[in-house]
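What follows is a single structure, written as structure tokens, with notes after it.
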Amino acid sequence: MPTIPSDLIGAEAHSPLTGSPLVLVEAGDALPAGGVIVAVDRAGALPMLDPADYDAMVTTRADAPAPWVRIAPDRLDAQLAAVRATAAQSPIATAMLARVLRLGEGLEFEAALELESLAYSTLLGGAEFARWLAAAPHGESGAQAADPVRYDRADDHVTLTLASPGNRNAMTAAMRDALYEALANVLEDPSLPSLTLRGEGRCFSTGGDLPEFGTARDLAAAHVIRTQRSCGRLLHRLGSRAATHLHGACIGSGIEVPAAAARRTGAPDLIVQLPELRMGLIPGAGGTVSLARAIGRHRLLWLTLGAFRIGAGQAFDWGLIHSIEP
């Protein structure tokens, strides 16, 4: 019987089960079947492409509009090498992130959070995360404050402050629970106060506390906790009442959560980074939803693929923050 070409068979060439799912396509070339597809515009010509066909789009054009990511010509090859390395190290997490971003684009905010959490719990039980965990340093985090979230009210405005500078406001379970309860109080306050979320110390938050990674034994229960106690969900529900001011390092959940606020300002020293793929995970504190709605899924995938850092200027240009303020 003759072999009939099939998209299903072709897609398996880029299966994360057999190798890296990443496909770098020179802008305008034929598209492959399957894979995490990145358009590469070396010439900076900005060809007319349908963004729906791609998971990320990079160009050397200085004034590139969304969803393109602009990369200086002398840095392009190094950044492409970085994303290749990540996709080869964590192929399943890479493919899952691209899929979650595509599916989540068409969902309501809270449904997309549910999708993200299901994927995140799946990856917590995977070999890629297990390898990272086995090699990760197991040192202790800095001292966490006894009351990690401070609540202050003046008239009809509440300021919530992440107040554990001793561990750089790491998002421990205790910090998350304290923030969730404070946000719930603001959300359900019949006087409808406005809210600003800030961080104390050198940075807003360096994200999840590394010693807590891998400690969950019941991943199904972890999914329920993650969705029930989602701080990003409450910030989103607050709508126009919620603002956040970001400064210093905002890593992982330290940017995923505040990105759900309707109004976001950033200090000049702001640094944003998403390192989860290198851990065999995807953003799991709401970032595939909050950040995707702020900067678009293409730019978010690229940032996460390379764990690239962006500063206040680029965060402003992309719409992650609405203004730069001290």
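Ordering of the structure tokens sets the chain letters (A, B, ...), residue numbers begin anew at 1 in every chain, and ligands are numbered from 1 in the order given.
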
task: Select from stretch 120-230 of chain A everything DSSP, run on the backbone, classes as alpha helix (DSSP H), then give the selection as an MDAnalysis selection string.
output: chainID A and resid 120:124 127:135 173:188 219:228

Include N, CA and C atoms and write out the residues we just selected as a CSV table (one decimal), in the first residue's frame.
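Output below, filename result-v8.csv:
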chain,number,residue,atom,x,y,z
A,120,TYR,N,0.4,23.0,34.8
A,120,TYR,CA,1.5,23.2,35.7
A,120,TYR,C,1.6,22.0,36.7
A,121,SER,N,0.4,21.5,37.2
A,121,SER,CA,0.5,20.3,38.0
A,121,SER,C,0.9,19.1,37.3
A,122,THR,N,0.6,19.0,36.0
A,122,THR,CA,1.1,17.9,35.2
A,122,THR,C,2.6,17.9,35.1
A,123,LEU,N,3.1,19.1,34.8
A,123,LEU,CA,4.6,19.2,34.7
A,123,LEU,C,5.3,19.0,36.0
A,124,LEU,N,4.7,19.3,37.2
A,124,LEU,CA,5.3,19.0,38.5
A,124,LEU,C,5.5,17.5,38.6
A,127,ALA,N,9.3,14.3,34.3
A,127,ALA,CA,10.8,14.1,34.4
A,127,ALA,C,11.6,15.3,34.2
A,128,GLU,N,11.1,16.3,33.4
A,128,GLU,CA,11.9,17.5,33.2
A,128,GLU,C,12.1,18.3,34.5
A,129,PHE,N,11.0,18.5,35.3
A,129,PHE,CA,11.1,19.1,36.6
A,129,PHE,C,11.9,18.3,37.6
A,130,ALA,N,11.7,17.0,37.5
A,130,ALA,CA,12.5,16.1,38.5
A,130,ALA,C,14.0,16.3,38.2
A,131,ARG,N,14.4,16.4,37.0
A,131,ARG,CA,15.8,16.6,36.7
A,131,ARG,C,16.3,17.9,37.3
A,132,TRP,N,15.5,19.0,37.0
A,132,TRP,CA,15.9,20.3,37.6
A,132,TRP,C,16.0,20.2,39.1
A,133,LEU,N,15.0,19.6,39.7
A,133,LEU,CA,14.9,19.6,41.2
A,133,LEU,C,16.1,18.8,41.7
A,134,ALA,N,16.5,17.7,41.1
A,134,ALA,CA,17.7,17.0,41.6
A,134,ALA,C,19.0,17.7,41.5
A,135,ALA,N,19.1,18.7,40.6
A,135,ALA,CA,20.3,19.4,40.4
A,135,ALA,C,20.3,20.8,41.1
A,173,ALA,N,4.3,30.0,50.4
A,173,ALA,CA,2.9,29.6,50.6
A,173,ALA,C,2.3,30.6,51.6
A,174,ALA,N,3.1,31.0,52.6
A,174,ALA,CA,2.6,31.9,53.7
A,174,ALA,C,2.3,33.3,53.1
A,175,MET,N,3.2,33.7,52.2
A,175,MET,CA,3.1,35.0,51.6
A,175,MET,C,1.8,35.0,50.7
A,176,ARG,N,1.7,33.9,49.9
A,176,ARG,CA,0.5,33.8,49.0
A,176,ARG,C,-0.8,33.9,49.8
A,177,ASP,N,-0.8,33.1,50.8
A,177,ASP,CA,-2.1,33.0,51.6
A,177,ASP,C,-2.4,34.4,52.3
A,178,ALA,N,-1.4,35.0,52.8
A,178,ALA,CA,-1.6,36.4,53.4
A,178,ALA,C,-2.1,37.4,52.4
A,179,LEU,N,-1.5,37.3,51.2
A,179,LEU,CA,-1.9,38.2,50.1
A,179,LEU,C,-3.3,37.9,49.7
A,180,TYR,N,-3.6,36.7,49.5
A,180,TYR,CA,-4.9,36.3,49.1
A,180,TYR,C,-6.0,36.8,50.0
A,181,GLU,N,-5.8,36.6,51.3
A,181,GLU,CA,-6.7,37.0,52.3
A,181,GLU,C,-6.9,38.5,52.4
A,182,ALA,N,-5.8,39.2,52.2
A,182,ALA,CA,-5.9,40.7,52.2
A,182,ALA,C,-6.7,41.2,50.9
A,183,LEU,N,-6.4,40.5,49.8
A,183,LEU,CA,-7.1,40.9,48.6
A,183,LEU,C,-8.6,40.6,48.7
A,184,ALA,N,-8.9,39.4,49.3
A,184,ALA,CA,-10.3,39.1,49.4
A,184,ALA,C,-11.0,40.1,50.3
A,185,ASN,N,-10.4,40.6,51.4
A,185,ASN,CA,-11.0,41.6,52.2
A,185,ASN,C,-11.3,42.9,51.4
A,186,VAL,N,-10.3,43.3,50.6
A,186,VAL,CA,-10.6,44.5,49.8
A,186,VAL,C,-11.7,44.3,48.8
A,187,LEU,N,-11.7,43.1,48.1
A,187,LEU,CA,-12.7,42.8,47.1
A,187,LEU,C,-14.1,42.8,47.7
A,188,GLU,N,-14.2,42.3,48.9
A,188,GLU,CA,-15.6,42.1,49.5
A,188,GLU,C,-15.9,43.3,50.4
A,219,LEU,N,-0.5,16.3,43.8
A,219,LEU,CA,-0.5,17.3,42.7
A,219,LEU,C,-1.9,17.7,42.4
A,220,ALA,N,-2.9,16.8,42.6
A,220,ALA,CA,-4.3,17.2,42.3
A,220,ALA,C,-4.7,18.2,43.3
A,221,ALA,N,-4.4,18.0,44.6
A,221,ALA,CA,-4.7,19.0,45.6
A,221,ALA,C,-4.0,20.3,45.4
A,222,ALA,N,-2.8,20.2,44.9
A,222,ALA,CA,-2.0,21.4,44.7
A,222,ALA,C,-2.7,22.3,43.6
A,223,HIS,N,-3.3,21.6,42.6
A,223,HIS,CA,-4.1,22.3,41.6
A,223,HIS,C,-5.3,23.0,42.2
A,224,VAL,N,-6.0,22.4,43.1
A,224,VAL,CA,-7.1,23.0,43.7
A,224,VAL,C,-6.7,24.2,44.5
A,225,ILE,N,-5.6,24.0,45.3
A,225,ILE,CA,-5.1,25.2,46.1
A,225,ILE,C,-4.7,26.3,45.2
A,226,ARG,N,-4.0,26.0,44.1
A,226,ARG,CA,-3.5,27.0,43.3
A,226,ARG,C,-4.6,27.8,42.6
A,227,THR,N,-5.7,27.2,42.3
A,227,THR,CA,-6.8,27.9,41.6
A,227,THR,C,-7.7,28.6,42.7
A,228,GLN,N,-7.9,27.9,43.8
A,228,GLN,CA,-8.8,28.6,44.8
A,228,GLN,C,-8.1,29.8,45.5

Could you make a table, as JSON lines, of the residues of stretch 66-184 of chain A that have an atom within 12 Å of an atom of stretch 40-55 of chain A, each with its nearest atom pair and distance in Å to one decimal, counting only C-alpha atoms, in chain and number order?
{"residue": "A:Ala66", "atom": "CA", "partner": "A:Pro51", "partner_atom": "CA", "distance": 9.7}
{"residue": "A:Pro67", "atom": "CA", "partner": "A:Pro51", "partner_atom": "CA", "distance": 7.4}
{"residue": "A:Trp68", "atom": "CA", "partner": "A:Leu46", "partner_atom": "CA", "distance": 8.6}
{"residue": "A:Val69", "atom": "CA", "partner": "A:Val40", "partner_atom": "CA", "distance": 9.8}
{"residue": "A:Arg70", "atom": "CA", "partner": "A:Gly44", "partner_atom": "CA", "distance": 9.0}
{"residue": "A:Ile71", "atom": "CA", "partner": "A:Arg42", "partner_atom": "CA", "distance": 9.4}
{"residue": "A:Ala72", "atom": "CA", "partner": "A:Arg42", "partner_atom": "CA", "distance": 9.9}
{"residue": "A:Pro73", "atom": "CA", "partner": "A:Arg42", "partner_atom": "CA", "distance": 7.5}
{"residue": "A:Asp74", "atom": "CA", "partner": "A:Arg42", "partner_atom": "CA", "distance": 10.6}
{"residue": "A:Arg75", "atom": "CA", "partner": "A:Arg42", "partner_atom": "CA", "distance": 11.1}
{"residue": "A:Leu76", "atom": "CA", "partner": "A:Arg42", "partner_atom": "CA", "distance": 8.1}
{"residue": "A:Asp77", "atom": "CA", "partner": "A:Arg42", "partner_atom": "CA", "distance": 9.8}
{"residue": "A:Gln79", "atom": "CA", "partner": "A:Val40", "partner_atom": "CA", "distance": 11.4}
{"residue": "A:Leu80", "atom": "CA", "partner": "A:Val40", "partner_atom": "CA", "distance": 9.2}
{"residue": "A:Thr94", "atom": "CA", "partner": "A:Asp55", "partner_atom": "CA", "distance": 10.9}
{"residue": "A:Ala95", "atom": "CA", "partner": "A:Asp55", "partner_atom": "CA", "distance": 10.2}
{"residue": "A:Met96", "atom": "CA", "partner": "A:Asp55", "partner_atom": "CA", "distance": 11.8}
{"residue": "A:Leu97", "atom": "CA", "partner": "A:Asp55", "partner_atom": "CA", "distance": 9.9}
{"residue": "A:Ala98", "atom": "CA", "partner": "A:Asp55", "partner_atom": "CA", "distance": 6.5}
{"residue": "A:Arg99", "atom": "CA", "partner": "A:Asp55", "partner_atom": "CA", "distance": 9.0}
{"residue": "A:Val100", "atom": "CA", "partner": "A:Asp55", "partner_atom": "CA", "distance": 11.0}
{"residue": "A:Leu101", "atom": "CA", "partner": "A:Asp55", "partner_atom": "CA", "distance": 8.6}
{"residue": "A:Arg102", "atom": "CA", "partner": "A:Asp55", "partner_atom": "CA", "distance": 8.0}
{"residue": "A:Leu103", "atom": "CA", "partner": "A:Ala52", "partner_atom": "CA", "distance": 11.7}
{"residue": "A:Glu105", "atom": "CA", "partner": "A:Ala52", "partner_atom": "CA", "distance": 10.9}

message: According to DSSP computed on the backbone, where in stretch 19-215 of chain A is there strand (DSSP E or B)? Give the residues as a ChimeraX atom specification.
response: /A:22-26,36-41,56-59,69-70,149-154,157-162,171,194-199,205,208

Counting only C-alpha atoms, which residues of stretch 199-234 of chain A sit at most 12 Å from some atom of stretch 265-272 of chain A, and what is each one's closest atom pair with its distance in Å to one decimal, listed by chain and rising residue number, as a Markdown table?
| residue | atom | partner | partner_atom | distance |
| --- | --- | --- | --- | --- |
| A:Gly199 | CA | A:Gly266 | CA | 11.5 |
| A:Arg202 | CA | A:Asp269 | CA | 9.8 |
| A:Cys203 | CA | A:Leu270 | CA | 8.3 |
| A:Phe204 | CA | A:Leu270 | CA | 8.9 |
| A:Ser205 | CA | A:Val272 | CA | 10.1 |
| A:Thr206 | CA | A:Val272 | CA | 9.5 |
| A:Gly207 | CA | A:Val272 | CA | 10.6 |

Selection: 7 Å around stretch 292-298 of chain A, only C-alpha atoms, excl. self and same-chain fewer than 2 positions, as a list in words: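 Skipping anything fewer than 2 positions along the chain leaves Asp55, Ala56, Met57, Pro67, Leu101, Thr288, Val289, Ser290, Leu300, Leu301, Trp302, Trp318, Gly319 and Leu320 of chain A.
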
Just N, CA and C atoms for this one: save the residues we selected as an mmCIF file, in the first residue's frame.
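Contents of part-v3.cif, freshly written:
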data_model
loop_
_atom_site.group_PDB
_atom_site.id
_atom_site.type_symbol
_atom_site.label_atom_id
_atom_site.label_comp_id
_atom_site.auth_asym_id
_atom_site.auth_seq_id
_atom_site.Cartn_x
_atom_site.Cartn_y
_atom_site.Cartn_z
ATOM 1 N N ASP A 55 4.065 30.869 17.010
ATOM 2 C CA ASP A 55 4.062 30.963 18.472
ATOM 3 C C ASP A 55 4.907 32.131 18.960
ATOM 4 N N ALA A 56 5.861 32.566 18.162
ATOM 5 C CA ALA A 56 6.637 33.773 18.442
ATOM 6 C C ALA A 56 7.144 34.310 17.115
ATOM 7 N N MET A 57 7.455 35.619 17.084
ATOM 8 C CA MET A 57 7.914 36.267 15.857
ATOM 9 C C MET A 57 9.018 37.249 16.230
ATOM 10 N N PRO A 67 2.901 41.707 17.038
ATOM 11 C CA PRO A 67 3.491 40.858 18.086
ATOM 12 C C PRO A 67 4.969 40.557 17.898
ATOM 13 N N LEU A 101 -0.820 28.721 25.858
ATOM 14 C CA LEU A 101 -0.991 30.106 25.414
ATOM 15 C C LEU A 101 -1.986 30.200 24.262
ATOM 16 N N THR A 288 0.494 32.920 32.356
ATOM 17 C CA THR A 288 0.097 32.637 30.982
ATOM 18 C C THR A 288 -1.183 33.376 30.619
ATOM 19 N N VAL A 289 -1.856 33.914 31.632
ATOM 20 C CA VAL A 289 -3.089 34.667 31.411
ATOM 21 C C VAL A 289 -2.827 36.159 31.581
ATOM 22 N N SER A 290 -2.344 36.558 32.746
ATOM 23 C CA SER A 290 -2.143 37.988 33.021
ATOM 24 C C SER A 290 -1.128 38.609 32.070
ATOM 25 N N LEU A 300 5.298 36.834 25.102
ATOM 26 C CA LEU A 300 5.434 36.094 26.350
ATOM 27 C C LEU A 300 6.173 34.783 26.120
ATOM 28 N N LEU A 301 5.835 34.057 25.071
ATOM 29 C CA LEU A 301 6.531 32.805 24.803
ATOM 30 C C LEU A 301 8.018 33.047 24.584
ATOM 31 N N TRP A 302 8.360 34.083 23.830
ATOM 32 C CA TRP A 302 9.768 34.367 23.562
ATOM 33 C C TRP A 302 10.518 34.695 24.856
ATOM 34 N N TRP A 318 5.995 47.596 25.590
ATOM 35 C CA TRP A 318 5.147 46.440 25.317
ATOM 36 C C TRP A 318 3.797 46.498 26.010
ATOM 37 N N GLY A 319 3.591 47.442 26.925
ATOM 38 C CA GLY A 319 2.312 47.542 27.618
ATOM 39 C C GLY A 319 2.230 46.760 28.910
ATOM 40 N N LEU A 320 3.358 46.203 29.355
ATOM 41 C CA LEU A 320 3.348 45.494 30.623
ATOM 42 C C LEU A 320 3.144 46.480 31.786
#

query: Using only C-alpha atoms, which residues sit within 10 Å of A:Ala85 once same-chain residues fewer than 3 positions away are excluded, as a list in words?
result: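 With the cut-off at 10 Å, the set is Ser20, Leu22, Gln79, Leu80, Ala81, Ala82, Ala88, Gln89, Ser90, Pro91, Arg278, Leu305 and Gly306 of chain A.
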